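upload.cif, holding mmCIF, C-alpha atoms:
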```
data_target
#
loop_
_atom_site.label_atom_id
_atom_site.label_comp_id
_atom_site.auth_asym_id
_atom_site.auth_seq_id
_atom_site.Cartn_x
_atom_site.Cartn_y
_atom_site.Cartn_z
CA MET A 9 18.52 4.46 10.92
CA GLY A 10 21.66 3.37 12.69
CA PHE A 11 25.24 4.54 12.38
CA LEU A 12 26.33 1.45 10.44
CA ASP A 13 23.46 1.90 7.96
CA SER A 14 24.55 5.47 7.21
CA ILE A 15 28.18 4.42 6.68
CA LEU A 16 27.15 1.60 4.33
CA GLY A 17 24.78 3.86 2.41
CA ARG A 18 21.65 1.97 3.33
CA THR A 19 18.44 3.94 3.58
CA ARG A 20 15.00 3.09 4.77
CA PRO A 21 12.38 2.94 2.05
CA LYS A 22 9.94 5.82 1.95
CA GLN A 23 6.69 4.95 3.69
CA ALA A 24 3.47 5.12 1.70
CA ASP A 25 1.20 8.01 2.61
CA LEU A 26 -2.15 6.59 1.57
CA ASP A 27 -3.87 9.80 2.67
CA ALA A 28 -2.25 11.43 -0.38
CA LEU A 29 -4.99 9.66 -2.38
CA PHE A 30 -7.46 12.17 -0.93
CA GLY A 31 -5.74 14.85 -3.03
CA VAL A 32 -7.07 13.24 -6.23
CA PRO A 33 -10.52 14.96 -6.16
CA SER A 34 -8.83 18.37 -6.08
CA ALA A 35 -6.42 17.28 -8.82
CA ALA A 36 -9.42 16.11 -10.88
CA ILE A 37 -10.82 19.64 -10.80
CA THR A 38 -7.46 21.01 -11.93
CA LEU A 39 -7.20 18.47 -14.77
CA GLN A 40 -10.70 19.28 -15.97
CA ALA A 41 -10.21 23.05 -15.83
CA SER A 42 -6.75 23.15 -17.39
CA LEU A 43 -6.70 20.19 -19.81
CA GLY A 44 -10.33 19.13 -20.29
CA LEU A 45 -9.73 15.73 -18.66
CA ARG A 46 -12.69 14.29 -16.73
CA PRO A 47 -12.71 11.28 -14.40
CA THR A 48 -14.10 8.10 -15.99
CA GLY A 49 -15.53 6.74 -12.74
CA LEU A 50 -13.11 3.83 -12.80
CA GLY A 51 -10.33 3.27 -10.32
CA SER A 52 -8.20 0.29 -9.46
CA VAL A 53 -5.63 -1.08 -7.05
CA CYS A 54 -2.87 -3.31 -8.40
CA TYR A 55 -1.23 -5.88 -6.14
CA ARG A 56 0.56 -9.19 -6.15
CA ALA A 57 -1.84 -11.69 -4.60
CA ALA A 58 -0.31 -13.77 -1.84
CA GLY A 59 -0.95 -17.46 -1.51
CA GLY A 60 -2.86 -18.90 1.40
CA ALA A 61 -6.16 -18.67 3.18
CA ALA A 62 -5.40 -15.42 5.04
CA PHE A 63 -4.98 -13.47 1.82
CA ALA A 64 -8.02 -15.08 0.19
CA GLU A 65 -10.12 -14.15 3.23
CA THR A 66 -8.84 -10.58 3.22
CA GLU A 67 -9.57 -10.17 -0.49
CA ALA A 68 -13.06 -11.63 -0.02
CA GLU A 69 -13.70 -9.23 2.89
CA ILE A 70 -12.67 -6.26 0.74
CA LEU A 71 -14.99 -7.31 -2.09
CA THR A 72 -17.87 -7.86 0.33
CA LEU A 73 -17.27 -4.51 2.03
CA LEU A 74 -17.35 -2.62 -1.27
CA ARG A 75 -20.30 -4.52 -2.73
CA ASN A 76 -22.45 -4.14 0.40
CA ALA A 77 -22.03 -0.37 0.78
CA ALA A 78 -25.17 1.76 0.61
CA ASP A 79 -24.11 3.31 -2.71
CA ALA A 80 -22.21 0.22 -3.86
CA PRO A 81 -20.05 0.58 -6.96
CA GLU A 82 -19.47 -2.26 -9.37
CA VAL A 83 -16.39 -4.18 -8.24
CA SER A 84 -14.40 -6.80 -10.12
CA THR A 85 -10.94 -8.33 -10.25
CA SER A 86 -8.74 -9.16 -13.21
CA HIS A 87 -5.20 -10.41 -13.74
CA ASP A 88 -2.57 -8.96 -16.05
CA GLU A 89 0.18 -10.60 -18.08
CA PHE A 90 2.71 -10.02 -15.28
CA GLY A 91 0.76 -11.91 -12.63
CA TYR A 92 -0.66 -8.88 -10.81
CA THR A 93 -4.26 -8.62 -9.69
CA TRP A 94 -6.30 -5.49 -10.43
CA LEU A 95 -9.23 -4.81 -8.13
CA VAL A 96 -11.41 -2.50 -10.22
CA VAL A 97 -14.05 -0.13 -8.83
CA ASP A 98 -16.57 1.34 -11.30
CA ASP A 99 -18.44 4.26 -9.73
CA ASP A 100 -20.16 7.52 -10.64
CA PRO A 101 -17.68 9.72 -12.60
CA ASP A 102 -18.92 12.76 -10.66
CA ASP A 103 -18.09 11.15 -7.29
CA VAL A 104 -14.29 11.13 -7.34
CA GLY A 105 -14.26 11.47 -3.55
CA GLY A 106 -16.26 8.25 -3.15
CA LEU A 107 -14.02 6.43 -5.62
CA VAL A 108 -10.88 7.54 -3.80
CA THR A 109 -12.39 6.49 -0.46
CA ASP A 110 -12.98 3.01 -1.89
CA LEU A 111 -9.41 2.77 -3.26
CA HIS A 112 -8.04 3.99 0.07
CA ALA A 113 -10.07 1.32 1.89
CA VAL A 114 -8.65 -1.42 -0.35
CA ASN A 115 -5.07 -0.24 0.19
CA THR A 116 -5.38 0.23 3.95
CA THR A 117 -7.11 -3.12 4.44
CA LEU A 118 -4.38 -4.98 2.56
CA GLU A 119 -1.72 -3.03 4.43
CA SER A 120 -3.27 -3.57 7.87
CA GLN A 121 -3.52 -7.33 7.26
CA GLY A 122 0.21 -7.50 6.46
CA PHE A 123 -0.06 -7.57 2.67
CA GLY A 124 1.33 -4.06 2.08
CA PRO A 125 4.54 -5.36 0.43
CA GLY A 126 2.38 -6.82 -2.37
CA LEU A 127 0.80 -3.46 -3.23
CA LEU A 128 2.09 -1.93 -6.47
CA CYS A 129 -0.08 1.05 -7.35
CA SER A 130 -3.52 2.63 -7.55
CA LEU A 131 -4.87 4.02 -10.82
CA VAL A 132 -7.53 6.64 -11.60
CA PRO A 133 -8.15 7.08 -15.36
CA PHE A 134 -9.28 10.36 -16.96
CA GLU A 135 -10.68 11.04 -20.43
CA ASP A 136 -10.90 14.07 -22.71
CA ALA A 137 -13.78 15.00 -25.05
CA ALA A 138 -12.18 13.05 -27.92
CA GLY A 139 -12.05 9.84 -25.84
CA ARG A 140 -8.33 9.91 -25.17
CA ARG A 141 -7.48 8.38 -21.79
CA VAL A 142 -4.69 9.09 -19.33
CA GLY A 143 -4.07 7.60 -15.92
CA LEU A 144 -3.11 9.18 -12.64
CA VAL A 145 -1.02 6.52 -10.89
CA TYR A 146 -0.15 6.36 -7.18
CA LEU A 147 3.00 4.34 -6.51
CA TYR A 148 2.48 2.64 -3.18
CA LYS A 149 6.15 2.07 -2.31
CA GLN A 150 7.19 5.62 -3.25
CA GLY A 151 4.20 7.52 -1.88
CA THR A 152 4.07 9.60 -5.08
CA PHE A 153 1.93 10.03 -8.19
CA TYR A 154 2.81 10.07 -11.86
CA PRO A 155 0.83 10.40 -15.10
CA PHE A 156 0.60 7.60 -17.66
CA ALA A 157 -0.53 8.63 -21.14
CA PRO A 158 -0.63 5.81 -23.70
CA GLN A 159 -0.77 6.84 -27.34
CA PRO A 160 -4.18 6.18 -28.92
CA GLY A 161 -4.43 3.39 -31.43
CA GLY A 162 -3.29 0.39 -29.44
CA ALA A 163 0.47 0.71 -30.09
CA ARG A 164 2.50 0.41 -26.92
CA GLN A 165 3.83 3.95 -27.05
CA ARG A 166 3.57 6.74 -24.54
CA ASP A 167 2.84 10.41 -25.08
CA SER A 168 5.82 11.73 -23.13
CA LEU A 169 5.02 15.37 -23.83
CA LEU A 170 1.53 14.98 -22.35
CA GLU A 171 2.95 13.14 -19.33
CA ILE A 172 5.41 15.98 -18.65
CA ASN A 173 2.61 18.53 -19.09
CA LEU A 174 0.46 16.59 -16.60
CA ARG A 175 3.38 16.39 -14.16
CA GLU A 176 3.80 20.17 -14.24
CA THR A 177 0.05 20.77 -13.95
CA LEU A 178 -0.26 18.52 -10.89
CA SER A 179 2.97 19.41 -9.10
CA GLY A 180 1.20 21.86 -6.78
CA GLU A 181 -1.68 19.46 -6.07
CA LEU A 182 -0.04 16.09 -5.39
CA PRO A 183 3.36 14.62 -4.46
CA VAL A 184 4.56 13.90 -8.01
CA GLU A 185 7.32 11.36 -8.67
CA GLN A 186 10.24 13.30 -10.17
CA GLN A 187 12.26 10.27 -11.32
CA THR A 188 10.65 9.35 -14.63
CA SER A 189 12.44 5.98 -14.52
CA ARG A 190 9.85 5.03 -11.87
CA TRP A 191 6.93 5.87 -14.17
CA LEU A 192 5.76 2.35 -14.96
CA ALA A 193 4.11 1.62 -18.29
CA LEU A 194 0.75 0.15 -17.36
CA TRP A 195 -0.18 -1.42 -20.69
CA GLY A 196 -3.54 -3.09 -20.53
CA ALA A 197 -4.46 -1.56 -17.16
CA PRO A 198 -8.22 -1.40 -16.51
CA GLY A 199 -9.74 1.81 -17.83
CA LEU A 200 -6.85 2.76 -20.10
#
```

Written as structure tokens, that's how I'd like the structure from this file.
Amino acid sequence: MGFLDSILGRTRPKQADLDALFGVPSAAITLQASLGLRPTGLGSVCYRAAGGAAFAETEAEILTLLRNAADAPEVSTSHDEFGYTWLVVDDDPDDVGGLVTDLHAVNTTLESQGFGPGLLCSLVPFEDAAGRRVGLVYLYKQGTFYPFAPQPGGARQRDSLLEINLRETLSGELPVEQQTSRWLALWGAPGL
């Protein structure tokens, strides 16, 4: 950062640390032991699809790579009401490490091909014994995680107390986003 940038108050955006995703398997153990939340086996990467052949080829390569793996998970894409694409990986719930490796591969491939600015987040849903789901969300542009806990019943309301509890539980495991204003509401996200 230059002298003029510091005088004008401009800062460089924080760089994503995609390797932080590899902390999710350890966090999954903590969530299961402390709150009874187990991984669902689902995971997804949310991004704004770019127009053009280069992006279409990159997306096709990612899908082919995941589908042709020796222990290939089910892979699909969907679109939300805001125009974002969700690449969804459905894998063995007991193989959180494999799921995270797949999500990391999606993120790094998009980033290495120049489509990093279109990445929004990655999501790993968890579920308790009663079927209640919560999501562990990685914000690409911040390089941090936050919990998303929708209220059961379909109403677009969040369980803020549970989210704060999850934040405190995971603060020693993962880089947790402290500014709750950045905790996006992911209504209708795959697996939630």

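Minimum distance to Glu65 of chain A across A:Asp88, A:Ala113, A:Gln121, A:Ala28 (counting all atoms listed in the file) occurs at A:Gln121.
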
Report as a PyMOL selection string all protein, DNA and RNA residues lying within 9 Å of Cys54 of chain A, evaluated on all atoms listed in the file, omitting residues in the same chain fewer than 2 positions from it. chain A and resi 52+56+92-96+126-131

Preceding selection exported with C-alpha atoms as a tab-separated table (two decimals), keeping the file's coordinate frame:
```tsv
chain	number	residue	atom	x	y	z
A	52	SER	CA	-8.20	0.29	-9.46
A	56	ARG	CA	0.56	-9.19	-6.15
A	92	TYR	CA	-0.66	-8.88	-10.81
A	93	THR	CA	-4.26	-8.62	-9.69
A	94	TRP	CA	-6.30	-5.49	-10.43
A	95	LEU	CA	-9.23	-4.81	-8.13
A	96	VAL	CA	-11.41	-2.50	-10.22
A	126	GLY	CA	2.38	-6.82	-2.37
A	127	LEU	CA	0.80	-3.46	-3.23
A	128	LEU	CA	2.09	-1.93	-6.47
A	129	CYS	CA	-0.08	1.05	-7.35
A	130	SER	CA	-3.52	2.63	-7.55
A	131	LEU	CA	-4.87	4.02	-10.82
```

Gap from atom CA of Ala157 of chain A to atom CA of Glu171 of chain A - Å, one decimal: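 So the answer is 6.0 Å.
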
Spatial neighbours of segment 185-187 of chain A, 9 Å, all atoms listed in the file, chain gap at least 6 places, as a PDB file with C-alpha atoms, in the frame of the given file:
```pdb
ATOM      1  CA  LEU A 147       3.000   4.340  -6.510  1.00  0.00           C
ATOM      2  CA  GLN A 150       7.190   5.620  -3.250  1.00  0.00           C
ATOM      3  CA  GLY A 151       4.200   7.520  -1.880  1.00  0.00           C
ATOM      4  CA  THR A 152       4.070   9.600  -5.080  1.00  0.00           C
ATOM      5  CA  PHE A 153       1.930  10.030  -8.190  1.00  0.00           C
ATOM      6  CA  TYR A 154       2.810  10.070 -11.860  1.00  0.00           C
ATOM      7  CA  ARG A 175       3.380  16.390 -14.160  1.00  0.00           C
TER       8      ARG A 175
END
```

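Separating atom CA of Trp195 of chain A from atom CA of Phe63 of chain A is a distance of 26.0 Å.
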
Distance criterion (all atoms listed in the file): nearest to Asp110 of chain A out of A:Gly162, A:Pro125, A:Gly51, A:Gly31: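 Using all atoms listed in the file, Asp110 of chain A sits closest to A:Gly51.
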
Exercise: segment 134-140 of chain A partners within 10 Å, all atoms listed in the file, chain neighbours under 6 positions left out, as a tab-separated table (two decimals) with C-alpha atoms, keeping the file's coordinate frame:
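So result-v1.tsv came out as:
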```
chain	number	residue	atom	x	y	z
A	36	ALA	CA	-9.42	16.11	-10.88
A	39	LEU	CA	-7.20	18.47	-14.77
A	40	GLN	CA	-10.70	19.28	-15.97
A	43	LEU	CA	-6.70	20.19	-19.81
A	44	GLY	CA	-10.33	19.13	-20.29
A	45	LEU	CA	-9.73	15.73	-18.66
A	46	ARG	CA	-12.69	14.29	-16.73
A	47	PRO	CA	-12.71	11.28	-14.40
A	48	THR	CA	-14.10	8.10	-15.99
A	49	GLY	CA	-15.53	6.74	-12.74
A	50	LEU	CA	-13.11	3.83	-12.80
A	51	GLY	CA	-10.33	3.27	-10.32
A	101	PRO	CA	-17.68	9.72	-12.60
A	157	ALA	CA	-0.53	8.63	-21.14
A	158	PRO	CA	-0.63	5.81	-23.70
A	159	GLN	CA	-0.77	6.84	-27.34
A	160	PRO	CA	-4.18	6.18	-28.92
A	161	GLY	CA	-4.43	3.39	-31.43
A	199	GLY	CA	-9.74	1.81	-17.83
A	200	LEU	CA	-6.85	2.76	-20.10
```

Please indicate the distance in Å from atom CA of Phe156 of chain A to atom CA of Gly143 of chain A, rounded to one decimal place.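 Computing the Euclidean distance for atom CA of Phe156 of chain A and atom CA of Gly143 of chain A yields 5.0 Å.
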
Name all residues at most 8 Å from Leu118 of chain A (count only C-alpha atoms; drop same-chain ones fewer than 6 positions away) and give them as a VMD selection string. chain A and resid 66 to 67 124 127

Could you name the residues that touch Glu69 of chain A at 10 Å or less, counting only C-alpha atoms, but leaving out those on the same chain fewer than 5 positions away, as a VMD selection string? chain A and resid 63 to 64 74 to 75 114 117

List the residues selected by the PyMOL selection byres ((chain A and resi 27) around 10) in the file shown, writing them as JSON, numbers by chain. {"A": [24, 25, 26, 28, 29, 30, 31, 108, 109, 112, 116, 151]}
